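Just protein_8.pdb here, PDB, C-alpha atoms and all ligand atoms:
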ATOM      1  CA  MET A   1      44.883 109.763 130.408
ATOM      2  CA  ALA A   2      46.598 111.871 133.000
ATOM      3  CA  GLY A   3      49.986 113.276 132.081
ATOM      4  CA  ARG A   4      49.433 113.132 128.359
ATOM      5  CA  ASP A   5      47.419 115.171 125.895
ATOM      6  CA  VAL A   6      44.703 113.380 123.990
ATOM      7  CA  THR A   7      45.820 113.260 120.364
ATOM      8  CA  LYS A   8      43.659 114.474 117.534
ATOM      9  CA  LEU A   9      43.216 110.913 116.317
ATOM     10  CA  GLU A  10      42.046 109.746 119.756
ATOM     11  CA  LYS A  11      39.577 112.610 119.890
ATOM     12  CA  VAL A  12      38.221 111.925 116.406
ATOM     13  CA  VAL A  13      37.860 108.185 117.043
ATOM     14  CA  LYS A  14      36.057 108.812 120.319
ATOM     15  CA  GLU A  15      33.647 111.261 118.699
ATOM     16  CA  ILE A  16      32.921 108.825 115.902
ATOM     17  CA  VAL A  17      32.203 105.987 118.342
ATOM     18  CA  ASP A  18      29.933 108.224 120.446
ATOM     19  CA  ASP A  19      28.015 109.426 117.403
ATOM     20  CA  MET A  20      27.656 106.000 115.825
ATOM     21  CA  ARG A  21      26.101 104.649 119.005
ATOM     22  CA  HIS A  22      23.066 106.878 118.462
ATOM     23  CA  MET A  23      22.636 106.655 114.696
ATOM     24  CA  PRO A  24      19.003 105.773 113.994
ATOM     25  CA  ASP A  25      19.456 104.383 110.464
ATOM     26  CA  ARG A  26      21.930 101.517 110.769
ATOM     27  CA  GLY A  27      21.093  99.678 107.518
ATOM     28  CA  MET A  28      20.025  96.037 107.363
ATOM     29  CA  VAL A  29      22.055  93.146 108.734
ATOM     30  CA  ALA A  30      22.719  90.443 106.101
ATOM     31  CA  ALA A  31      20.074  87.774 106.524
ATOM     32  CA  TYR A  32      20.982  85.110 103.958
ATOM     33  CA  ILE A  33      22.433  82.881 106.683
ATOM     34  CA  PRO A  34      21.308  82.674 110.338
ATOM     35  CA  GLU A  35      24.801  83.262 111.761
ATOM     36  CA  LEU A  36      24.929  86.728 110.164
ATOM     37  CA  ALA A  37      21.243  87.514 110.709
ATOM     38  CA  ARG A  38      21.579  87.223 114.484
ATOM     39  CA  VAL A  39      24.512  89.638 114.889
ATOM     40  CA  ASN A  40      23.583  92.627 117.080
ATOM     41  CA  PRO A  41      22.883  95.580 114.733
ATOM     42  CA  LYS A  42      24.000  97.980 117.459
ATOM     43  CA  SER A  43      27.600  96.757 117.269
ATOM     44  CA  PHE A  44      30.193  99.263 116.144
ATOM     45  CA  GLY A  45      33.960  98.959 116.263
ATOM     46  CA  ILE A  46      36.924 100.862 114.878
ATOM     47  CA  ALA A  47      40.694 100.348 114.942
ATOM     48  CA  VAL A  48      43.313 102.672 113.477
ATOM     49  CA  ILE A  49      47.024 101.839 113.357
ATOM     50  CA  GLU A  50      49.357 104.615 112.318
ATOM     51  CA  SER A  51      52.745 104.142 110.606
ATOM     52  CA  ASP A  52      54.657 104.218 113.877
ATOM     53  CA  GLY A  53      52.421 101.510 115.326
ATOM     54  CA  ASN A  54      50.360 103.915 117.405
ATOM     55  CA  THR A  55      46.994 102.195 117.764
ATOM     56  CA  VAL A  56      43.699 103.885 118.554
ATOM     57  CA  VAL A  57      40.597 101.747 118.976
ATOM     58  CA  GLY A  58      37.004 102.344 119.957
ATOM     59  CA  GLY A  59      33.694 100.569 120.541
ATOM     60  CA  ASP A  60      33.651  96.850 119.736
ATOM     61  CA  ALA A  61      37.159  96.883 118.261
ATOM     62  CA  ASP A  62      38.035  93.517 119.787
ATOM     63  CA  VAL A  63      34.858  91.624 118.915
ATOM     64  CA  PRO A  64      35.425  89.132 116.079
ATOM     65  CA  PHE A  65      33.035  89.263 113.119
ATOM     66  CA  SER A  66      32.754  87.450 109.810
ATOM     67  CA  ILE A  67      35.194  89.156 107.445
ATOM     68  CA  GLN A  68      33.427  87.752 104.363
ATOM     69  CA  SER A  69      34.589  89.560 101.215
ATOM     70  CA  ILE A  70      37.413  91.382 102.977
ATOM     71  CA  SER A  71      39.211  88.026 102.703
ATOM     72  CA  LYS A  72      39.348  88.644  98.944
ATOM     73  CA  VAL A  73      42.126  91.214  99.391
ATOM     74  CA  PHE A  74      44.304  88.619 101.085
ATOM     75  CA  THR A  75      43.538  85.802  98.667
ATOM     76  CA  LEU A  76      44.374  88.188  95.812
ATOM     77  CA  THR A  77      47.717  88.947  97.497
ATOM     78  CA  LEU A  78      48.450  85.229  97.847
ATOM     79  CA  ALA A  79      47.442  84.399  94.268
ATOM     80  CA  LEU A  80      49.600  87.219  92.869
ATOM     81  CA  GLY A  81      52.465  85.789  94.899
ATOM     82  CA  LYS A  82      51.956  82.441  93.190
ATOM     83  CA  VAL A  83      51.366  83.338  89.549
ATOM     84  CA  GLY A  84      52.185  87.055  89.352
ATOM     85  CA  ASN A  85      50.703  88.943  86.434
ATOM     86  CA  ARG A  86      49.532  85.728  84.779
ATOM     87  CA  LEU A  87      46.538  86.063  87.094
ATOM     88  CA  TRP A  88      45.186  88.811  84.846
ATOM     89  CA  ALA A  89      44.629  86.361  82.012
ATOM     90  CA  ARG A  90      41.584  85.105  83.886
ATOM     91  CA  VAL A  91      40.445  88.009  86.043
ATOM     92  CA  GLY A  92      39.922  91.613  84.960
ATOM     93  CA  ARG A  93      40.744  94.845  86.736
ATOM     94  CA  GLU A  94      37.711  96.981  86.002
ATOM     95  CA  PRO A  95      34.912  98.063  88.316
ATOM     96  CA  SER A  96      31.863  95.914  87.670
ATOM     97  CA  GLY A  97      29.080  98.417  88.260
ATOM     98  CA  SER A  98      27.045  95.326  89.168
ATOM     99  CA  PRO A  99      26.071  93.583  92.400
ATOM    100  CA  PHE A 100      28.772  91.389  93.945
ATOM    101  CA  ASN A 101      27.066  88.158  92.982
ATOM    102  CA  SER A 102      25.872  89.166  89.515
ATOM    103  CA  ILE A 103      25.995  86.563  86.765
ATOM    104  CA  VAL A 104      24.964  88.566  83.660
ATOM    105  CA  GLN A 105      28.342  90.187  83.029
ATOM    106  CA  LEU A 106      30.025  86.782  82.927
ATOM    107  CA  GLU A 107      28.020  85.735  79.894
ATOM    108  CA  ARG A 108      28.848  88.853  77.942
ATOM    109  CA  GLU A 109      32.530  88.636  78.845
ATOM    110  CA  GLN A 110      33.246  84.955  78.118
ATOM    111  CA  GLY A 111      33.385  83.860  81.729
ATOM    112  CA  ILE A 112      36.144  86.311  82.728
ATOM    113  CA  PRO A 113      35.124  88.125  85.909
ATOM    114  CA  ARG A 114      35.480  91.896  85.904
ATOM    115  CA  ASN A 115      37.727  92.074  88.976
ATOM    116  CA  PRO A 116      39.063  89.956  91.860
ATOM    117  CA  PHE A 117      36.676  91.442  94.433
ATOM    118  CA  ILE A 118      33.301  90.439  93.043
ATOM    119  CA  ASN A 119      32.345  86.874  93.934
ATOM    120  CA  ALA A 120      33.142  85.429  90.503
ATOM    121  CA  GLY A 121      36.582  87.043  90.526
ATOM    122  CA  ALA A 122      37.331  85.861  94.041
ATOM    123  CA  ILE A 123      36.274  82.341  93.090
ATOM    124  CA  ALA A 124      38.737  82.439  90.161
ATOM    125  CA  VAL A 125      41.459  83.716  92.528
ATOM    126  CA  THR A 126      40.676  80.914  94.995
ATOM    127  CA  ASP A 127      41.110  78.428  92.150
ATOM    128  CA  VAL A 128      44.674  79.717  91.640
ATOM    129  CA  ILE A 129      45.511  79.233  95.323
ATOM    130  CA  LEU A 130      44.008  75.758  95.244
ATOM    131  CA  SER A 131      46.062  74.545  92.304
ATOM    132  CA  SER A 132      48.522  71.833  93.305
ATOM    133  CA  HIS A 133      47.030  71.666  96.808
ATOM    134  CA  LEU A 134      44.324  69.782  98.601
ATOM    135  CA  PRO A 135      41.472  72.102  99.718
ATOM    136  CA  ARG A 136      42.514  71.647 103.346
ATOM    137  CA  GLU A 137      46.077  72.740 102.567
ATOM    138  CA  ALA A 138      44.946  75.758 100.541
ATOM    139  CA  LEU A 139      42.694  76.863 103.334
ATOM    140  CA  GLY A 140      45.463  76.350 105.888
ATOM    141  CA  GLU A 141      47.719  78.531 103.767
ATOM    142  CA  ILE A 142      45.148  81.348 103.660
ATOM    143  CA  LEU A 143      44.477  81.161 107.392
ATOM    144  CA  ARG A 144      48.185  81.075 108.272
ATOM    145  CA  PHE A 145      48.736  84.098 106.027
ATOM    146  CA  MET A 146      46.079  86.033 107.948
ATOM    147  CA  GLN A 147      47.589  84.959 111.261
ATOM    148  CA  PHE A 148      51.062  85.966 110.084
ATOM    149  CA  LEU A 149      49.902  89.386 108.845
ATOM    150  CA  ALA A 150      48.045  90.168 112.056
ATOM    151  CA  ASP A 151      50.750  88.482 114.142
ATOM    152  CA  ASP A 152      47.991  86.614 115.927
ATOM    153  CA  SER A 153      47.657  82.834 115.836
ATOM    154  CA  SER A 154      44.238  82.937 117.499
ATOM    155  CA  ILE A 155      42.488  83.960 114.255
ATOM    156  CA  MET A 156      40.103  81.179 113.270
ATOM    157  CA  ILE A 157      37.511  80.134 110.736
ATOM    158  CA  ASP A 158      33.907  80.115 111.938
ATOM    159  CA  HIS A 159      32.889  76.672 110.721
ATOM    160  CA  GLU A 160      29.193  77.276 111.315
ATOM    161  CA  VAL A 161      29.292  80.265 108.983
ATOM    162  CA  ALA A 162      31.184  78.237 106.392
ATOM    163  CA  ALA A 163      28.669  75.387 106.590
ATOM    164  CA  SER A 164      25.742  77.802 106.189
ATOM    165  CA  GLU A 165      27.417  79.491 103.209
ATOM    166  CA  HIS A 166      27.857  76.076 101.652
ATOM    167  CA  ARG A 167      24.240  75.099 102.268
ATOM    168  CA  THR A 168      22.854  78.289 100.744
ATOM    169  CA  GLY A 169      25.522  79.205  98.211
ATOM    170  CA  PHE A 170      23.581  78.319  95.070
ATOM    171  CA  ARG A 171      24.450  81.526  93.318
ATOM    172  CA  ASN A 172      28.154  81.156  93.993
ATOM    173  CA  ALA A 173      27.875  77.580  92.704
ATOM    174  CA  ALA A 174      26.194  78.956  89.573
ATOM    175  CA  LEU A 175      28.980  81.504  89.082
ATOM    176  CA  ALA A 176      31.655  78.841  89.531
ATOM    177  CA  ASN A 177      29.995  76.322  87.228
ATOM    178  CA  TYR A 178      29.463  79.013  84.626
ATOM    179  CA  MET A 179      33.138  80.001  84.704
ATOM    180  CA  LYS A 180      34.122  76.346  84.614
ATOM    181  CA  SER A 181      32.159  75.969  81.376
ATOM    182  CA  PHE A 182      34.404  78.640  79.826
ATOM    183  CA  GLY A 183      37.546  76.864  81.043
ATOM    184  CA  ILE A 184      38.437  79.672  83.459
ATOM    185  CA  LEU A 185      38.735  77.336  86.473
ATOM    186  CA  ASP A 186      41.227  74.458  86.730
ATOM    187  CA  ASN A 187      40.046  72.642  89.843
ATOM    188  CA  PRO A 188      36.783  70.848  90.671
ATOM    189  CA  VAL A 189      34.066  73.390  91.444
ATOM    190  CA  ASP A 190      33.219  71.717  94.769
ATOM    191  CA  PHE A 191      36.785  72.063  95.986
ATOM    192  CA  ILE A 192      37.025  75.718  94.944
ATOM    193  CA  LEU A 193      33.716  76.618  96.590
ATOM    194  CA  GLY A 194      34.696  74.795  99.778
ATOM    195  CA  VAL A 195      37.835  76.914 100.097
ATOM    196  CA  TYR A 196      35.994  80.104  99.059
ATOM    197  CA  PHE A 197      33.220  79.656 101.637
ATOM    198  CA  HIS A 198      35.732  78.941 104.360
ATOM    199  CA  HIS A 199      37.959  81.938 103.702
ATOM    200  CA  CYS A 200      34.890  84.190 103.678
ATOM    201  CA  ALA A 201      34.047  82.662 107.086
ATOM    202  CA  ILE A 202      37.267  83.761 108.802
ATOM    203  CA  ALA A 203      36.375  85.693 111.962
ATOM    204  CA  MET A 204      38.478  88.700 112.956
ATOM    205  CA  SER A 205      38.165  91.821 115.043
ATOM    206  CA  CYS A 206      38.753  95.378 113.804
ATOM    207  CA  ARG A 207      42.083  95.396 115.621
ATOM    208  CA  GLN A 208      43.203  92.170 113.930
ATOM    209  CA  LEU A 209      42.062  93.378 110.506
ATOM    210  CA  ALA A 210      43.832  96.717 110.861
ATOM    211  CA  LEU A 211      46.994  94.805 111.791
ATOM    212  CA  ALA A 212      46.597  92.518 108.777
ATOM    213  CA  GLY A 213      46.170  95.501 106.451
ATOM    214  CA  ARG A 214      49.299  97.282 107.598
ATOM    215  CA  PHE A 215      51.434  96.097 104.701
ATOM    216  CA  LEU A 216      49.045  97.774 102.260
ATOM    217  CA  ALA A 217      49.185 101.052 104.183
ATOM    218  CA  GLN A 218      52.984 100.875 104.420
ATOM    219  CA  PHE A 219      54.145 100.197 100.870
ATOM    220  CA  GLY A 220      54.255  96.429 101.137
ATOM    221  CA  SER A 221      56.003  95.967 104.490
ATOM    222  CA  ASN A 222      54.921  95.694 108.071
ATOM    223  CA  PRO A 223      56.968  98.274 109.964
ATOM    224  CA  SER A 224      56.539  96.479 113.307
ATOM    225  CA  THR A 225      57.855  93.113 112.209
ATOM    226  CA  GLY A 226      60.105  94.437 109.427
ATOM    227  CA  TYR A 227      58.710  91.777 107.084
ATOM    228  CA  ALA A 228      58.244  92.700 103.439
ATOM    229  CA  VAL A 229      54.988  91.024 102.432
ATOM    230  CA  VAL A 230      54.919  92.300  98.844
ATOM    231  CA  GLN A 231      56.934  94.770  96.786
ATOM    232  CA  PRO A 232      55.777  98.422  97.017
ATOM    233  CA  GLU A 233      54.514  98.275  93.430
ATOM    234  CA  ARG A 234      52.218  95.367  94.247
ATOM    235  CA  ALA A 235      50.842  97.081  97.347
ATOM    236  CA  ARG A 236      50.108 100.147  95.235
ATOM    237  CA  ARG A 237      48.264  98.073  92.665
ATOM    238  CA  ILE A 238      46.198  96.161  95.230
ATOM    239  CA  ASN A 239      45.258  99.521  96.737
ATOM    240  CA  ALA A 240      44.223 100.782  93.292
ATOM    241  CA  LEU A 241      41.933  97.775  92.917
ATOM    242  CA  MET A 242      40.459  98.330  96.372
ATOM    243  CA  LEU A 243      39.739 101.936  95.470
ATOM    244  CA  THR A 244      38.058 101.125  92.152
ATOM    245  CA  CYS A 245      36.409  97.787  92.979
ATOM    246  CA  GLY A 246      36.415  97.306  96.774
ATOM    247  CA  HIS A 247      32.777  98.234  97.318
ATOM    248  CA  TYR A 248      31.123  96.592  94.308
ATOM    249  CA  ASP A 249      28.653  98.956  92.653
ATOM    250  CA  GLY A 250      29.150 101.341  95.582
ATOM    251  CA  SER A 251      32.865 101.813  94.781
ATOM    252  CA  GLY A 252      32.440 105.178  93.090
ATOM    253  CA  GLU A 253      30.401 106.484  95.990
ATOM    254  CA  PHE A 254      32.978 105.242  98.521
ATOM    255  CA  ALA A 255      35.822 106.928  96.613
ATOM    256  CA  TYR A 256      33.770 110.115  96.393
ATOM    257  CA  ARG A 257      32.854 110.207 100.063
ATOM    258  CA  VAL A 258      35.854 108.604 101.778
ATOM    259  CA  GLY A 259      38.693 108.807  99.255
ATOM    260  CA  LEU A 260      40.618 105.809 100.575
ATOM    261  CA  PRO A 261      41.252 102.338  99.137
ATOM    262  CA  GLY A 262      38.994  99.985 101.064
ATOM    263  CA  LYS A 263      37.305  96.611 100.993
ATOM    264  CA  SER A 264      33.945  95.758 102.462
ATOM    265  CA  GLY A 265      32.275  92.492 103.404
ATOM    266  CA  VAL A 266      28.661  91.549 104.065
ATOM    267  CA  GLY A 267      29.575  90.873 107.695
ATOM    268  CA  GLY A 268      29.644  94.688 107.975
ATOM    269  CA  GLY A 269      33.398  95.135 108.096
ATOM    270  CA  ILE A 270      35.466  97.537 106.017
ATOM    271  CA  MET A 271      39.247  97.524 105.892
ATOM    272  CA  ALA A 272      40.735 100.730 104.517
ATOM    273  CA  VAL A 273      44.208 102.180 104.108
ATOM    274  CA  ALA A 274      45.542 105.711 104.143
ATOM    275  CA  PRO A 275      48.820 105.027 102.285
ATOM    276  CA  GLY A 276      51.853 106.000 104.351
ATOM    277  CA  LYS A 277      49.610 107.061 107.211
ATOM    278  CA  ALA A 278      47.368 104.386 108.680
ATOM    279  CA  SER A 279      45.652 101.043 108.395
ATOM    280  CA  ILE A 280      42.012 101.164 109.461
ATOM    281  CA  ALA A 281      39.201  98.710 110.129
ATOM    282  CA  VAL A 282      35.605  99.502 111.011
ATOM    283  CA  TRP A 283      32.661  97.239 111.714
ATOM    284  CA  SER A 284      28.950  97.796 111.903
ATOM    285  CA  PRO A 285      26.801  94.908 110.678
ATOM    286  CA  GLY A 286      23.943  96.899 109.110
ATOM    287  CA  LEU A 287      24.393  97.193 105.334
ATOM    288  CA  ASP A 288      23.209  99.669 102.721
ATOM    289  CA  ALA A 289      21.344  98.618  99.587
ATOM    290  CA  VAL A 290      24.487  97.435  97.753
ATOM    291  CA  GLY A 291      25.831  95.428 100.706
ATOM    292  CA  ASN A 292      28.353  97.821 102.255
ATOM    293  CA  SER A 293      28.355  98.713 105.951
ATOM    294  CA  GLN A 294      26.129 101.742 106.378
ATOM    295  CA  LEU A 295      27.806 103.184 109.472
ATOM    296  CA  GLY A 296      31.215 101.869 108.475
ATOM    297  CA  GLN A 297      31.169 104.150 105.457
ATOM    298  CA  ILE A 298      29.977 107.130 107.476
ATOM    299  CA  ALA A 299      32.666 106.505 110.094
ATOM    300  CA  LEU A 300      35.419 106.290 107.482
ATOM    301  CA  GLU A 301      34.149 109.410 105.741
ATOM    302  CA  ARG A 302      34.379 111.278 109.044
ATOM    303  CA  LEU A 303      37.800 109.874 109.930
ATOM    304  CA  ALA A 304      39.326 110.644 106.515
ATOM    305  CA  LYS A 305      37.897 114.152 106.530
ATOM    306  CA  GLU A 306      38.930 115.052 110.075
ATOM    307  CA  MET A 307      42.421 113.615 109.687
ATOM    308  CA  GLY A 308      42.928 114.938 106.139
ATOM    309  CA  TRP A 309      43.692 111.410 104.940
ATOM    310  CA  SER A 310      41.793 111.240 101.640
ATOM    311  CA  ILE A 311      44.243 110.313  98.884
ATOM    312  CA  PHE A 312      42.662 113.094  96.818
ATOM    313  CA  GLY A 313      43.646 115.870  99.219
ATOM    314  CA  ALA A 314      41.868 117.789 101.914
TER     315      ALA A 314
HETATM  316  N1  LIG B   1      30.321  84.894 101.341
HETATM  317  C1  LIG B   1      29.636  85.986 100.687
HETATM  318  C2  LIG B   1      29.091  85.499  99.372
HETATM  319  O1  LIG B   1      29.786  84.777  98.719
HETATM  320  C3  LIG B   1      30.571  87.126 100.507
HETATM  321  C4  LIG B   1      29.936  88.294  99.843
HETATM  322  C5  LIG B   1      30.327  89.612 100.395
HETATM  323  O2  LIG B   1      30.892  89.759 101.476
HETATM  324  N2  LIG B   1      29.972  90.629  99.680
HETATM  325  O3  LIG B   1      27.978  85.798  98.989
END
Take the structure from the file and write it as structure tokens.
Ligand code: GLN
Amino acid sequence: MAGRDVTKLEKVVKEIVDDMRHMPDRGMVAAYIPELARVNPKSFGIAVIESDGNTVVGGDADVPFSIQSISKVFTLTLALGKVGNRLWARVGREPSGSPFNSIVQLEREQGIPRNPFINAGAIAVTDVILSSHLPREALGEILRFMQFLADDSSIMIDHEVAASEHRTGFRNAALANYMKSFGILDNPVDFILGVYFHHCAIAMSCRQLALAGRFLAQFGSNPSTGYAVVQPERARRINALMLTCGHYDGSGEFAYRVGLPGKSGVGGGIMAVAPGKASIAVWSPGLDAVGNSQLGQIALERLAKEMGWSIFGA
């Protein structure tokens, strides 16, 4: 980098990548489907995009991985665009304090999922997107939305992952059927699950995810394209939900340690936003006991601390 000083962000990202390479405890890679089980646990990637578009990446930032539950942020955005606040008649906005695929809460709460980021809630959100569409069209809409947000038409669905999810997704089928019995879902359960499994199977790199998350970091608009994706109020509210519910029963811990709205997936990715400052994505496939990326959380904790980005102050 002759002729130019290394910025603080570049220095911090480089240090994080160097340190993460040698971390002995990397968590456990998700093993419920073979496609996730065989991902190299040594992978680590990070991408940070600041408000002015300045992009700093490190490690495996351009390697695509299964975004899994991170897709739930984007399906929520789409569903809110379709039905607005009517969505909240069938999905709550409270942290669940339960595992992402828990079924017990649904019985106590008449089939209404606690929030849009646990599996049951995301299935209900997918049902909203599916209404008045064929599954193929709904899925195309979700994928095109991701491509539009990241300004990258190469983003694809990993059909092997989707097929494996379908083959093994008995618990998600149970959640969907259970909600259906309460009249929470409008469409056939098979159709909803098909779309749900496929949007979880979208493959993206850290760089692509950080690009896609820019509108949430920048008050609803993407400063590079000038497109307003949602109103600032909606971006704020989606961020509030990511902060309180984005890491399942690890959400409190993530807020405590990192202090940024973020959403994790069992593929080991985390997308996070420092409002007004940066959109961030990290990836390390090993998970902690509640299913959040072990090193991803450590990396974000370091980044937020060093850059002074926690929404709660220094
Ligand atoms: N496809 C996964 C599932 O439904 C997503 C879960 C996750 O990423 N936490 O079980």
Any residue with an atom at most 7 Å from ligand LIG 1 (chain B) counts, using only C-alpha atoms and all ligand atoms. Which are they? Put them as a PyMOL selection string. chain A and resi 68-70+100-101+119+165+172+197+200+264-267+291
Which of A:His247, A:Lys72, A:Lys82, A:Arg236 sits closest to A:Val290 [using all atoms listed in the file]: A:His247
Evaluate the PyMOL selection byres (((chain A and resi 62) around 7) and not hetatm) here and jot the selected residues down as a tab-separated table (two decimals) with C-alpha atoms, in the coordinates of the input.
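Dumped everything to out32.tsv:
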chain	number	residue	atom	x	y	z
A	60	ASP	CA	33.65	96.85	119.74
A	61	ALA	CA	37.16	96.88	118.26
A	63	VAL	CA	34.86	91.62	118.92
A	64	PRO	CA	35.42	89.13	116.08
A	205	SER	CA	38.16	91.82	115.04
A	206	CYS	CA	38.75	95.38	113.80
A	207	ARG	CA	42.08	95.40	115.62
Kindly give the distance, in Å, that separates atom CA of A:Arg234 and atom CA of A:Ser132, rounded to a single decimal.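 Pair atom CA of A:Arg234 / atom CA of A:Ser132 returns 23.8 Å.
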Considering all atoms listed in the file, tabulate each residue of stretch 230-301 of chain A that lies at most 9 Å from stretch 89-96 of chain A along with its nearest interatomic pair and the corresponding distance in Å to one decimal; arrange the rows by chain and ascending residue number and present them as a tab-separated table.
residue	atom	partner	partner_atom	distance
A:Leu241	CA	A:Arg93	CA	6.9
A:Thr244	CA	A:Pro95	CA	5.8
A:Cys245	CA	A:Pro95	CA	4.9
A:Gly246	CA	A:Pro95	CA	8.6
A:Tyr248	CA	A:Ser96	CA	6.7
A:Asp249	CA	A:Ser96	CA	6.7
A:Ser251	CA	A:Pro95	CA	7.7
A:Gly252	CA	A:Pro95	CA	8.9
Residue by residue, what does the PyMOL selection byres (((chain A and resi 156) around 9) and not hetatm) grab here? Present the result as a PDB file with C-alpha atoms, in the coordinates of the input.
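Generated output (expr_32.pdb):
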ATOM      1  CA  LEU A 143      44.477  81.161 107.392  1.00  0.00           C
ATOM      2  CA  GLN A 147      47.589  84.959 111.261  1.00  0.00           C
ATOM      3  CA  SER A 153      47.657  82.834 115.836  1.00  0.00           C
ATOM      4  CA  SER A 154      44.238  82.937 117.499  1.00  0.00           C
ATOM      5  CA  ILE A 155      42.488  83.960 114.255  1.00  0.00           C
ATOM      6  CA  ILE A 157      37.511  80.134 110.736  1.00  0.00           C
ATOM      7  CA  ASP A 158      33.907  80.115 111.938  1.00  0.00           C
ATOM      8  CA  HIS A 159      32.889  76.672 110.721  1.00  0.00           C
ATOM      9  CA  ALA A 201      34.047  82.662 107.086  1.00  0.00           C
ATOM     10  CA  ILE A 202      37.267  83.761 108.802  1.00  0.00           C
ATOM     11  CA  ALA A 203      36.375  85.693 111.962  1.00  0.00           C
ATOM     12  CA  MET A 204      38.478  88.700 112.956  1.00  0.00           C
TER      13      MET A 204
END
To one decimal place, how far is atom CA of A:Ala304 from atom CA of A:Gly268 in Å?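 According to the coordinates, atom CA of A:Ala304 and atom CA of A:Gly268 are separated by 18.7 Å.
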Got a sec to resolve the PyMOL selection byres (((chain A and resi 284) around 10) and not hetatm) on this structure and send the residues as JSON, numbers by chain? {"A": [20, 26, 27, 29, 39, 40, 41, 42, 43, 44, 45, 46, 60, 65, 267, 268, 269, 270, 282, 283, 285, 286, 287, 292, 293, 294, 295, 296, 297, 299]}
What's the separation between atom CA of A:Ile280 and atom CA of A:Asn54, in Å to one decimal place?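 Going from atom CA of A:Ile280 over to atom CA of A:Asn54 covers 11.8 Å.
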Just checking: using all atoms listed in the file, which residue out of A:His166, A:Phe191, A:Phe74, A:Val57 ends up closest to A:Ala212? A:Phe74
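Minimum distance to A:Val230 across A:Leu130, A:Ala79, A:Leu243, A:Ala272 (counting all atoms listed in the file) occurs at A:Ala79.
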Please list as number ranges by chain every residue within 10 Å of A:Gly313, counting only C-alpha atoms and excluding residues in the same chain fewer than 5 positions away. A: 259, 304-305, 308
From the set A:Gln231, A:Ser164, A:Asn85, A:Asn115, which residue has the shortest atom-to-atom contact distance to A:Val73, counting only C-alpha atoms? A:Asn115
